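Data from query_23.tsv: TSV, C-alpha atoms
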```tsv
chain	number	residue	atom	x	y	z
U	271	MET	CA	-8.76	4.27	27.35
U	272	ASN	CA	-8.72	5.12	31.03
U	273	GLU	CA	-8.04	8.84	30.81
U	274	THR	CA	-10.66	10.82	28.97
U	275	LEU	CA	-10.43	14.10	27.17
U	276	THR	CA	-13.11	16.67	26.68
U	277	LEU	CA	-12.41	19.23	24.04
U	278	ALA	CA	-14.00	22.46	22.98
U	279	MET	CA	-12.98	22.65	19.35
U	280	LEU	CA	-13.36	25.92	17.48
U	281	TRP	CA	-13.73	26.24	13.72
U	282	THR	CA	-10.13	27.39	13.58
U	283	ASP	CA	-9.13	24.19	15.39
U	284	TRP	CA	-10.93	22.02	12.84
U	285	PHE	CA	-9.24	23.98	10.12
U	286	ASN	CA	-5.84	23.47	11.76
U	287	LEU	CA	-6.52	19.75	12.02
U	288	PHE	CA	-7.28	19.62	8.29
U	289	LYS	CA	-4.27	21.79	7.53
U	290	HIS	CA	-1.96	19.54	9.55
U	291	PHE	CA	-2.87	16.43	7.57
U	292	ALA	CA	-2.93	18.31	4.26
U	293	SER	CA	0.55	19.70	4.82
U	294	ILE	CA	2.12	16.37	5.74
U	295	SER	CA	0.32	14.62	2.87
U	296	VAL	CA	2.81	15.80	0.26
U	297	ALA	CA	5.69	14.65	2.47
U	298	SER	CA	4.30	11.16	2.93
U	299	VAL	CA	6.52	9.26	0.51
U	300	GLY	CA	5.97	5.61	1.34
U	301	GLY	CA	2.61	6.25	2.97
U	302	PRO	CA	1.36	8.08	6.04
U	303	LEU	CA	2.68	5.46	8.46
U	304	VAL	CA	6.14	6.99	8.08
U	305	LEU	CA	4.70	10.22	9.47
U	306	LEU	CA	3.51	8.72	12.75
U	307	PRO	CA	6.09	10.55	14.88
U	308	GLU	CA	5.03	13.90	13.41
U	309	ILE	CA	1.35	13.11	13.82
U	310	HIS	CA	1.89	12.00	17.40
U	311	HIS	CA	3.82	15.17	18.16
U	312	PHE	CA	1.07	17.39	16.79
U	313	LEU	CA	-2.10	15.64	17.97
U	314	VAL	CA	-0.98	14.27	21.33
U	315	ASP	CA	1.90	16.41	22.59
U	316	LYS	CA	1.26	19.82	21.10
U	317	GLN	CA	-2.51	20.17	20.76
U	318	ASN	CA	-3.53	17.55	23.29
U	319	TRP	CA	-6.52	16.57	21.15
U	320	LEU	CA	-5.91	12.84	21.51
U	321	THR	CA	-4.73	10.64	24.38
U	322	ASP	CA	-1.77	8.31	23.95
U	323	ALA	CA	-4.10	5.34	24.34
U	324	GLN	CA	-6.40	6.62	21.60
U	325	PHE	CA	-3.43	7.22	19.35
U	326	SER	CA	-2.15	3.66	19.73
U	327	ALA	CA	-5.62	2.12	19.51
U	328	SER	CA	-6.23	3.94	16.21
U	329	ILE	CA	-3.17	2.28	14.69
U	330	VAL	CA	-3.90	-1.17	16.11
U	331	ILE	CA	-7.49	-1.16	14.88
U	332	ALA	CA	-6.54	0.07	11.42
U	333	GLN	CA	-3.93	-2.68	11.15
U	334	ALA	CA	-6.39	-5.30	12.33
U	335	SER	CA	-9.14	-4.42	9.94
U	336	PRO	CA	-9.21	-4.86	6.18
U	337	GLY	CA	-8.55	-2.00	3.82
U	338	PRO	CA	-5.85	0.57	3.27
U	339	ASN	CA	-3.58	1.20	6.28
U	340	VAL	CA	-4.23	4.93	5.96
U	341	MET	CA	-7.57	4.31	7.71
U	342	PHE	CA	-5.73	4.94	10.96
U	343	VAL	CA	-5.99	8.65	10.11
U	344	ALA	CA	-9.78	8.38	9.96
U	345	LEU	CA	-9.80	6.69	13.37
U	346	MET	CA	-7.66	9.40	14.91
U	347	GLY	CA	-10.08	11.94	13.50
U	348	TRP	CA	-12.98	9.88	14.83
U	349	ASN	CA	-11.50	9.85	18.33
U	350	ILE	CA	-10.80	13.58	18.29
U	351	GLY	CA	-14.43	14.11	17.29
U	352	LEU	CA	-15.60	11.90	20.14
U	353	ASN	CA	-13.48	13.93	22.54
U	354	ALA	CA	-15.09	17.08	21.15
U	355	GLY	CA	-18.72	16.04	21.42
U	356	GLY	CA	-20.28	12.94	19.94
U	357	PHE	CA	-20.80	10.74	16.93
U	358	GLY	CA	-21.72	13.64	14.65
U	359	TRP	CA	-18.48	15.43	15.39
U	360	ALA	CA	-16.61	12.15	15.16
U	361	ALA	CA	-17.85	11.53	11.62
U	362	PHE	CA	-17.12	15.10	10.62
U	363	SER	CA	-13.66	14.98	12.12
U	364	ALA	CA	-12.82	11.62	10.50
U	365	LEU	CA	-13.88	13.06	7.18
U	366	ILE	CA	-11.75	16.19	7.33
U	367	CYS	CA	-8.70	14.23	8.51
U	368	MET	CA	-9.03	11.79	5.60
U	369	ALA	CA	-9.65	14.63	3.14
U	370	GLY	CA	-6.54	16.34	4.47
U	371	ILE	CA	-4.23	13.34	4.21
U	372	LEU	CA	-5.59	12.13	0.86
U	373	LEU	CA	-6.47	15.17	-1.26
U	374	PRO	CA	-3.02	16.65	-1.92
U	375	SER	CA	-1.23	13.37	-2.60
U	376	SER	CA	-4.12	11.97	-4.68
U	377	VAL	CA	-4.33	15.05	-6.89
U	378	LEU	CA	-0.57	14.91	-7.32
U	379	ILE	CA	-0.50	11.24	-8.29
U	380	PHE	CA	-3.44	11.72	-10.64
U	381	PHE	CA	-1.71	14.41	-12.68
U	382	THR	CA	1.59	12.55	-12.48
U	383	ALA	CA	-0.08	9.39	-13.79
U	384	ARG	CA	-1.60	11.33	-16.68
U	385	TRP	CA	1.70	12.96	-17.54
U	386	VAL	CA	3.58	9.69	-17.32
U	387	GLN	CA	1.08	7.95	-19.56
U	388	LYS	CA	1.37	10.70	-22.16
U	389	ASN	CA	5.15	10.64	-22.03
U	390	GLN	CA	5.70	6.95	-21.47
U	391	ASP	CA	8.18	6.71	-24.33
U	392	LEU	CA	10.46	9.45	-23.01
U	393	ARG	CA	13.81	8.05	-22.01
U	394	ALA	CA	13.64	9.77	-18.63
U	395	VAL	CA	10.28	8.12	-17.89
U	396	ARG	CA	11.43	4.66	-18.99
U	397	ALA	CA	14.62	5.06	-16.96
U	398	PHE	CA	12.66	6.12	-13.88
U	399	LYS	CA	10.32	3.13	-13.99
U	400	LEU	CA	13.00	0.59	-14.82
U	401	GLY	CA	15.80	2.08	-12.74
U	402	LEU	CA	13.74	2.32	-9.56
U	403	SER	CA	12.11	-1.11	-9.95
U	404	PRO	CA	14.81	-3.11	-8.13
U	405	VAL	CA	14.78	-0.72	-5.17
U	406	VAL	CA	11.01	-0.50	-4.74
U	407	ILE	CA	10.59	-4.28	-5.05
U	408	SER	CA	13.31	-4.79	-2.48
U	409	MET	CA	11.51	-2.34	-0.20
U	410	MET	CA	8.43	-4.53	-0.37
U	411	VAL	CA	10.40	-7.61	0.67
U	412	ALA	CA	12.06	-5.58	3.42
U	413	ALA	CA	8.65	-4.35	4.62
U	414	GLY	CA	7.60	-7.96	5.05
U	415	TRP	CA	10.78	-8.65	6.96
U	416	LEU	CA	10.33	-5.62	9.22
U	417	LEU	CA	6.68	-6.42	9.91
U	418	ALA	CA	7.58	-10.00	10.78
U	419	THR	CA	10.24	-8.94	13.24
U	420	ALA	CA	8.52	-5.83	14.68
U	421	ASN	CA	6.87	-6.32	18.07
U	422	THR	CA	8.79	-9.53	18.59
U	423	GLU	CA	11.09	-9.67	21.54
U	424	GLY	CA	13.88	-11.84	20.22
U	425	VAL	CA	14.31	-15.56	19.88
U	426	ARG	CA	11.43	-16.53	22.11
U	427	ASP	CA	9.08	-15.20	19.45
U	428	TRP	CA	10.33	-17.73	16.91
U	429	PRO	CA	6.80	-19.13	16.33
U	430	LEU	CA	5.74	-15.79	14.85
U	431	TRP	CA	8.77	-15.70	12.57
U	432	LEU	CA	8.09	-19.26	11.48
U	433	LEU	CA	4.47	-18.43	10.73
U	434	ALA	CA	5.53	-15.43	8.60
U	435	ALA	CA	8.10	-17.53	6.73
U	436	VAL	CA	5.69	-20.40	6.08
U	437	THR	CA	3.04	-17.93	4.90
U	438	ALA	CA	5.54	-16.32	2.54
U	439	ALA	CA	6.43	-19.71	1.07
U	440	ILE	CA	2.75	-20.62	0.60
U	441	VAL	CA	1.83	-17.31	-1.03
U	442	TYR	CA	4.91	-17.51	-3.25
U	443	ARG	CA	4.25	-21.07	-4.38
U	444	THR	CA	0.48	-21.54	-4.36
U	445	LYS	CA	-2.73	-19.72	-5.10
U	446	LEU	CA	-4.26	-20.64	-1.77
U	447	HIS	CA	-6.72	-17.97	-0.67
U	448	MET	CA	-4.96	-15.41	1.50
U	449	LEU	CA	-8.02	-14.89	3.69
U	450	LEU	CA	-7.72	-18.53	4.73
U	451	LEU	CA	-4.13	-17.94	5.75
U	452	LEU	CA	-5.16	-14.90	7.80
U	453	ALA	CA	-7.84	-16.94	9.53
U	454	ILE	CA	-5.32	-19.66	10.36
U	455	GLY	CA	-2.99	-16.99	11.76
U	456	ALA	CA	-5.77	-15.62	13.95
U	457	VAL	CA	-6.72	-19.08	15.25
U	458	LEU	CA	-3.11	-20.04	15.96
U	459	GLY	CA	-2.64	-16.75	17.77
U	460	ALA	CA	-5.82	-16.98	19.84
U	461	SER	CA	-5.06	-20.56	20.85
U	462	GLY	CA	-1.83	-19.38	22.41
U	463	LEU	CA	0.37	-21.53	20.16
U	464	LEU	CA	2.42	-18.60	18.98
U	465	VAL	CA	3.67	-17.61	22.41
U	466	GLY	CA	7.18	-18.98	22.71
U	467	ASP	CA	8.86	-19.69	25.99
F	174	MET	CA	2.24	-8.79	-55.62
F	175	LYS	CA	1.18	-5.42	-54.46
F	176	THR	CA	-2.15	-6.66	-53.20
F	177	MET	CA	-0.46	-9.50	-51.35
F	178	ALA	CA	1.79	-7.05	-49.55
F	179	ALA	CA	-1.19	-4.91	-48.78
F	180	ASN	CA	-3.09	-7.95	-47.57
F	181	SER	CA	-0.33	-9.13	-45.25
F	182	LEU	CA	-0.01	-5.60	-43.94
F	183	LEU	CA	-3.72	-5.57	-43.27
F	184	ILE	CA	-3.51	-8.93	-41.51
F	185	CYS	CA	-0.62	-7.66	-39.38
F	186	PHE	CA	-2.68	-4.64	-38.51
F	187	ILE	CA	-5.72	-6.69	-37.59
F	188	VAL	CA	-3.67	-9.12	-35.50
F	189	ALA	CA	-1.93	-6.26	-33.72
F	190	HIS	CA	-5.27	-4.61	-33.11
F	191	MET	CA	-6.79	-7.84	-31.85
F	192	THR	CA	-3.99	-8.50	-29.41
F	193	THR	CA	-4.29	-5.03	-27.94
F	194	SER	CA	-8.04	-5.17	-27.64
F	195	LEU	CA	-7.93	-8.75	-26.37
F	196	LYS	CA	-5.89	-7.70	-23.39
F	197	PRO	CA	-8.28	-7.83	-20.44
F	198	ARG	CA	-9.29	-4.48	-19.01
F	199	PRO	CA	-12.11	-3.20	-16.82
F	200	ASN	CA	-15.20	-2.86	-18.98
F	201	SER	CA	-17.01	-0.33	-16.87
F	202	LEU	CA	-16.71	1.95	-13.89
F	203	GLY	CA	-18.86	-0.54	-12.03
F	204	GLU	CA	-16.39	-3.34	-12.63
F	205	LEU	CA	-13.59	-1.08	-11.43
F	206	PHE	CA	-15.52	-0.25	-8.28
F	207	ASN	CA	-16.39	-3.86	-7.56
F	208	THR	CA	-12.86	-5.07	-8.11
F	209	PHE	CA	-11.35	-2.58	-5.70
F	210	SER	CA	-14.06	-2.86	-3.08
F	211	MET	CA	-13.80	-6.65	-3.11
F	212	LEU	CA	-10.06	-6.63	-2.65
F	213	ALA	CA	-10.19	-3.88	-0.04
F	214	ILE	CA	-12.50	-5.93	2.14
F	215	GLN	CA	-10.02	-8.81	2.06
F	216	GLY	CA	-6.95	-6.71	2.63
F	217	PHE	CA	-6.05	-7.34	6.23
F	218	GLY	CA	-2.62	-5.96	7.05
F	219	GLY	CA	-2.53	-3.93	3.85
F	220	VAL	CA	-4.13	-4.32	0.46
F	221	LEU	CA	-1.03	-4.58	-1.68
F	222	ALA	CA	-0.70	-8.36	-1.80
F	223	PHE	CA	-4.37	-8.54	-2.77
F	224	ILE	CA	-4.02	-5.90	-5.50
F	225	GLU	CA	-1.18	-7.85	-7.09
F	226	ARG	CA	-3.02	-11.15	-6.99
F	227	GLU	CA	-6.28	-9.71	-8.31
F	228	LEU	CA	-5.04	-7.35	-11.04
F	229	VAL	CA	-2.02	-9.33	-12.25
F	230	GLU	CA	-2.71	-12.98	-11.54
F	231	LYS	CA	-6.49	-13.18	-11.75
F	232	LYS	CA	-7.88	-10.38	-13.94
F	233	LYS	CA	-4.66	-9.91	-15.93
F	234	TRP	CA	-5.32	-6.19	-16.43
F	235	MET	CA	-1.57	-5.76	-16.25
F	236	THR	CA	1.48	-7.97	-16.56
F	237	ARG	CA	3.90	-8.43	-13.71
F	238	GLU	CA	6.35	-6.14	-15.53
F	239	GLU	CA	3.72	-3.42	-15.95
F	240	PHE	CA	2.75	-3.76	-12.30
F	241	VAL	CA	6.36	-3.22	-11.25
F	242	GLU	CA	6.72	-0.17	-13.49
F	243	GLU	CA	3.56	1.42	-12.12
F	244	TRP	CA	4.61	0.48	-8.62
F	245	ALA	CA	7.92	2.33	-9.09
F	246	ILE	CA	5.90	5.52	-9.52
F	247	ALA	CA	3.24	4.78	-6.90
F	248	ARG	CA	5.94	4.04	-4.31
F	249	THR	CA	8.09	7.11	-4.97
F	250	MET	CA	5.27	9.66	-5.00
F	251	PRO	CA	3.80	10.98	-1.75
F	252	GLY	CA	0.68	9.27	-0.45
F	253	PRO	CA	-0.19	5.70	0.47
F	254	PRO	CA	1.50	3.63	-2.28
F	255	ALA	CA	-1.34	1.12	-2.65
F	256	LEU	CA	-3.87	3.95	-3.06
F	257	ASN	CA	-1.58	5.73	-5.49
F	258	LEU	CA	-1.52	2.55	-7.54
F	259	CYS	CA	-5.28	2.22	-7.54
F	260	ILE	CA	-5.67	5.85	-8.62
F	261	MET	CA	-3.21	5.18	-11.45
F	262	VAL	CA	-5.12	2.09	-12.59
F	263	GLY	CA	-8.44	3.92	-12.45
F	264	ALA	CA	-7.07	6.96	-14.27
F	265	LYS	CA	-5.48	4.82	-16.96
F	266	HIS	CA	-8.77	3.25	-17.98
F	267	PHE	CA	-11.38	5.90	-17.21
F	268	GLY	CA	-9.61	9.20	-16.48
F	269	TRP	CA	-10.59	11.18	-13.39
F	270	ARG	CA	-13.84	9.24	-13.04
F	271	GLY	CA	-11.89	6.01	-12.87
F	272	ALA	CA	-9.56	7.46	-10.25
F	273	LEU	CA	-12.48	8.58	-8.08
F	274	VAL	CA	-14.38	5.32	-8.46
F	275	SER	CA	-11.32	3.23	-7.58
F	276	LEU	CA	-10.69	5.29	-4.46
F	277	ALA	CA	-14.34	5.08	-3.43
F	278	GLY	CA	-14.26	1.32	-3.90
F	279	MET	CA	-11.17	1.09	-1.75
F	280	PHE	CA	-12.83	2.88	1.15
F	281	MET	CA	-16.48	1.88	1.15
F	282	TYR	CA	-16.47	-1.42	3.07
F	283	PRO	CA	-13.39	-0.71	5.21
F	284	THR	CA	-15.01	2.48	6.53
F	285	ILE	CA	-18.08	0.64	7.74
F	286	LEU	CA	-16.05	-2.21	9.21
F	287	ILE	CA	-13.43	-0.13	10.91
F	288	LEU	CA	-15.96	1.94	12.83
F	289	THR	CA	-17.64	-1.24	14.03
F	290	LEU	CA	-14.25	-2.53	15.09
F	291	ALA	CA	-13.39	0.71	16.86
F	292	ILE	CA	-16.49	0.35	19.00
F	293	ALA	CA	-15.79	-3.35	19.63
F	294	TYR	CA	-12.15	-2.66	20.46
F	295	ALA	CA	-13.15	-0.26	23.21
F	296	HIS	CA	-14.90	-3.21	24.85
F	297	PHE	CA	-12.72	-6.22	24.00
F	298	GLY	CA	-9.39	-4.74	22.96
F	299	ASN	CA	-7.57	-5.71	26.11
F	300	GLN	CA	-8.47	-9.40	26.05
F	301	PRO	CA	-5.25	-11.38	25.68
F	302	GLN	CA	-6.81	-13.74	23.14
F	303	ILE	CA	-7.68	-10.83	20.86
F	304	VAL	CA	-4.18	-9.43	21.21
F	305	ASP	CA	-2.64	-12.83	20.37
F	306	ALA	CA	-4.96	-13.38	17.43
F	307	LEU	CA	-3.97	-10.00	16.03
F	308	ARG	CA	-0.32	-10.90	16.42
F	309	GLY	CA	-0.88	-14.11	14.51
F	310	MET	CA	-2.62	-12.20	11.71
F	311	GLY	CA	0.19	-9.67	11.71
F	312	ALA	CA	2.74	-12.43	11.11
F	313	VAL	CA	0.64	-13.78	8.22
F	314	ALA	CA	0.27	-10.30	6.71
F	315	ALA	CA	4.05	-9.86	6.93
F	316	GLY	CA	4.57	-13.12	5.06
F	317	MET	CA	2.07	-12.06	2.39
F	318	ILE	CA	3.83	-8.75	1.71
F	319	GLY	CA	7.25	-10.38	1.65
F	320	ALA	CA	6.07	-13.08	-0.76
F	321	THR	CA	4.48	-10.50	-3.07
F	322	GLY	CA	7.83	-8.69	-3.25
F	323	LEU	CA	9.64	-11.96	-3.95
F	324	LYS	CA	7.21	-12.79	-6.74
F	325	LEU	CA	7.75	-9.40	-8.35
F	326	LEU	CA	11.50	-10.01	-8.47
F	327	SER	CA	10.91	-12.17	-11.55
F	328	ALA	CA	9.86	-9.03	-13.45
F	329	LEU	CA	13.46	-7.82	-13.19
F	330	LYS	CA	14.60	-10.53	-15.62
F	331	THR	CA	13.67	-8.30	-18.55
F	332	ASN	CA	15.04	-5.13	-16.98
F	333	PRO	CA	17.63	-3.43	-19.23
F	334	LEU	CA	19.86	-2.91	-16.18
F	335	GLY	CA	20.69	-6.60	-16.39
F	336	VAL	CA	20.22	-9.26	-13.76
F	337	LYS	CA	23.53	-8.57	-12.03
F	338	VAL	CA	22.97	-4.84	-11.44
F	339	CYS	CA	19.38	-5.50	-10.37
F	340	ALA	CA	20.55	-8.13	-7.88
F	341	ILE	CA	23.10	-5.74	-6.37
F	342	LEU	CA	20.49	-2.98	-6.01
F	343	VAL	CA	17.96	-5.38	-4.49
F	344	ILE	CA	20.43	-6.78	-1.97
F	345	LEU	CA	21.83	-3.38	-1.00
F	346	SER	CA	18.32	-1.96	-0.47
F	347	PHE	CA	17.22	-4.95	1.56
F	348	VAL	CA	20.27	-4.98	3.81
F	349	GLY	CA	20.09	-1.20	4.22
F	350	ILE	CA	16.44	-1.18	5.24
F	351	ALA	CA	15.93	-4.49	7.04
F	352	ILE	CA	19.29	-4.93	8.77
F	353	LEU	CA	20.94	-1.52	9.01
F	354	GLN	CA	17.63	0.34	9.47
F	355	TRP	CA	18.42	3.14	7.02
F	356	ARG	CA	15.71	5.73	6.40
F	357	LEU	CA	13.51	4.63	3.50
F	358	LEU	CA	13.63	8.04	1.89
F	359	TYR	CA	17.44	8.01	1.71
F	360	VAL	CA	17.46	4.51	0.24
F	361	LEU	CA	14.95	5.67	-2.35
F	362	ILE	CA	16.94	8.77	-3.24
F	363	VAL	CA	20.45	7.26	-3.24
F	364	LEU	CA	19.99	3.69	-4.50
F	365	GLY	CA	16.95	4.66	-6.61
F	366	GLY	CA	18.97	7.57	-8.02
F	367	ILE	CA	21.82	5.23	-8.97
F	368	GLY	CA	19.32	2.86	-10.61
F	369	TYR	CA	17.81	5.76	-12.54
F	370	VAL	CA	21.14	7.01	-13.87
F	371	LEU	CA	22.28	3.52	-14.86
F	372	ALA	CA	18.97	2.78	-16.59
F	373	PHE	CA	19.09	6.12	-18.41
F	374	LEU	CA	22.61	5.44	-19.72
F	375	LYS	CA	21.68	1.90	-20.72
F	376	LEU	CA	18.60	3.05	-22.64
F	377	LYS	CA	20.66	5.72	-24.38
F	378	GLU	CA	23.19	3.09	-25.38
F	379	GLN	CA	20.44	0.85	-26.77
F	380	ALA	CA	18.79	3.63	-28.76
```
Encoded form using structure tokens:
Amino acid sequence: MNETLTLAMLWTDWFNLFKHFASISVASVGGPLVLLPEIHHFLVDKQNWLTDAQFSASIVIAQASPGPNVMFVALMGWNIGLNAGGFGWAAFSALICMAGILLPSSVLIFFTARWVQKNQDLRAVRAFKLGLSPVVISMMVAAGWLLATANTEGVRDWPLWLLAAVTAAIVYRTKLHMLLLLAIGAVLGASGLLVGD
Amino acid sequence: MKTMAANSLLICFIVAHMTTSLKPRPNSLGELFNTFSMLAIQGFGGVLAFIERELVEKKKWMTREEFVEEWAIARTMPGPPALNLCIMVGAKHFGWRGALVSLAGMFMYPTILILTLAIAYAHFGNQPQIVDALRGMGAVAAGMIGATGLKLLSALKTNPLGVKVCAILVILSFVGIAILQWRLLYVLIVLGGIGYVLAFLKLKEQA
């Protein structure tokens, strides 16, 4: 984070920040990560509330830490708050960003879940659950595939692919604790064994 | 004769009642909160693999088939799919209180940790060892998600679409997303739409 930003945020700005996340929330089918280009456009290019480095760091940290991936939104809010003043503003800003991204979609899924449960014997509901199952399961496998091959630069990164494949086989076959596997991955990575040549 | 019939009916009723009430479920809001907060704290690279293992394989609150059915909804609605799923689980057992408690559980520990990490990252984030360690963890997380998807494939065995149609839909979706890089939303609408129509017709036929 070499360049720094100092912001003077008005109440209307905070409201616009909340409104931005609230309005993309209902478009976030598949999770907020699919909205990264839109978020980048708004926060970094248009409003200039966040530096490029802060934007990327927010994603990296959220991926590296446990919990839902959507935490990257809280970190972006946190950084905007830091740019605007200090830790108080950072906490406030993280909170309104998370409220924005989560409230609309959560309310929607809550009422959908209730409706679905009440009408679970309707043919349309059964057909939706059963008919979409193959596609959404396949998407999960594909997500693993994409994650394993993202940020790899071709064949020289074969150790990373191998690690992902071996992990998949272990998780599929055994009940070995997944935290242990993550720790092994971290150690292998830090020891430089995963850098191909 | 009559009493015997009545008796066997009663026994059937009791057995049916027992099997439904014997099915494990969260006993309290506290248990719900603890379950989700414990799996959230472990969920590096996404919590989904941990949700499946905890709720389906360990606690058995839902079968693999039920998990897949709920996932079909969680994944197609807006919002983070894993959070959608945890709201659905909470709401199913304890209504809006359950939904709120599950969400709170999901966020409590990660919020504390992530802010600590954010501060640490500002200091150590550029160290090559940290970067490499994160890449190693990323590869493991990718394997975990992929394996969870592969495990769930077995739930398709009982799908009324039939194994053949399911296999075609699975392969088409995978090739489309992973190899041809189609937009997820289009895959969901087109291939999911086809699956929906086929399932609807099949269920109508069976009825």
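Shortest separation to chain U among F:Ala340, F:Phe297, F:Lys232, F:Leu202 occurs at residue F:Ala340, atoms counted being all atoms listed in the file.
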For Glu204 in chain F, find every residue with an atom within 12 Å (counting only C-alpha atoms), except residues of its own chain fewer than 4 positions away, and show them as a tab-separated table (two decimals) with C-alpha atoms, in the frame of the given file.
```tsv
chain	number	residue	atom	x	y	z
F	198	ARG	CA	-9.29	-4.48	-19.01
F	199	PRO	CA	-12.11	-3.20	-16.82
F	200	ASN	CA	-15.20	-2.86	-18.98
F	208	THR	CA	-12.86	-5.07	-8.11
F	209	PHE	CA	-11.35	-2.58	-5.70
F	210	SER	CA	-14.06	-2.86	-3.08
F	211	MET	CA	-13.80	-6.65	-3.11
F	232	LYS	CA	-7.88	-10.38	-13.94
F	263	GLY	CA	-8.44	3.92	-12.45
F	266	HIS	CA	-8.77	3.25	-17.98
F	267	PHE	CA	-11.38	5.90	-17.21
F	271	GLY	CA	-11.89	6.01	-12.87
F	274	VAL	CA	-14.38	5.32	-8.46
F	275	SER	CA	-11.32	3.23	-7.58
F	278	GLY	CA	-14.26	1.32	-3.90
```
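CA of Gly337 in chain U is found 8.0 Å from CA of Tyr282 in chain F.
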Counting only C-alpha atoms, select every polymer residue within 9 Å of (-8.6, 17.2, 29.1) as defined in the file's coordinates, and provide the selection as a PyMOL selection string.
chain U and resi 273-277+318-319+321+353
Those selected residues, please, written with C-alpha atoms and delivered as a PDB file, in the frame of the given file.
```pdb
ATOM      1  CA  GLU U 273      -8.040   8.840  30.810  1.00  0.00           C
ATOM      2  CA  THR U 274     -10.660  10.820  28.970  1.00  0.00           C
ATOM      3  CA  LEU U 275     -10.430  14.100  27.170  1.00  0.00           C
ATOM      4  CA  THR U 276     -13.110  16.670  26.680  1.00  0.00           C
ATOM      5  CA  LEU U 277     -12.410  19.230  24.040  1.00  0.00           C
ATOM      6  CA  ASN U 318      -3.530  17.550  23.290  1.00  0.00           C
ATOM      7  CA  TRP U 319      -6.520  16.570  21.150  1.00  0.00           C
ATOM      8  CA  THR U 321      -4.730  10.640  24.380  1.00  0.00           C
ATOM      9  CA  ASN U 353     -13.480  13.930  22.540  1.00  0.00           C
TER      10      ASN U 353
END
```
Please determine the residues with any atom at most 12 Å from (-3.9, -12.7, -9.7) (coordinates as given in the file, with all atoms listed in the file counting) and report them as an MDAnalysis selection string.
(chainID U and resid 441:442 444:448) or (chainID F and resid 208 212 221:237 240 321 324)
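The spacing separating CA of Val296 in chain U from CA of Gly370 in chain U amounts to 10.3 Å.
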Go ahead and compute the interatomic distance for CA of Ala314 in chain F and CA of Ala264 in chain F, in Å to one decimal.
28.1 Å
Identify which of the residues U:Ala354, U:Val406, U:Leu450, U:Ala369 lies closest to chain F, counting only C-alpha atoms when measuring atom-to-atom distances.
U:Val406
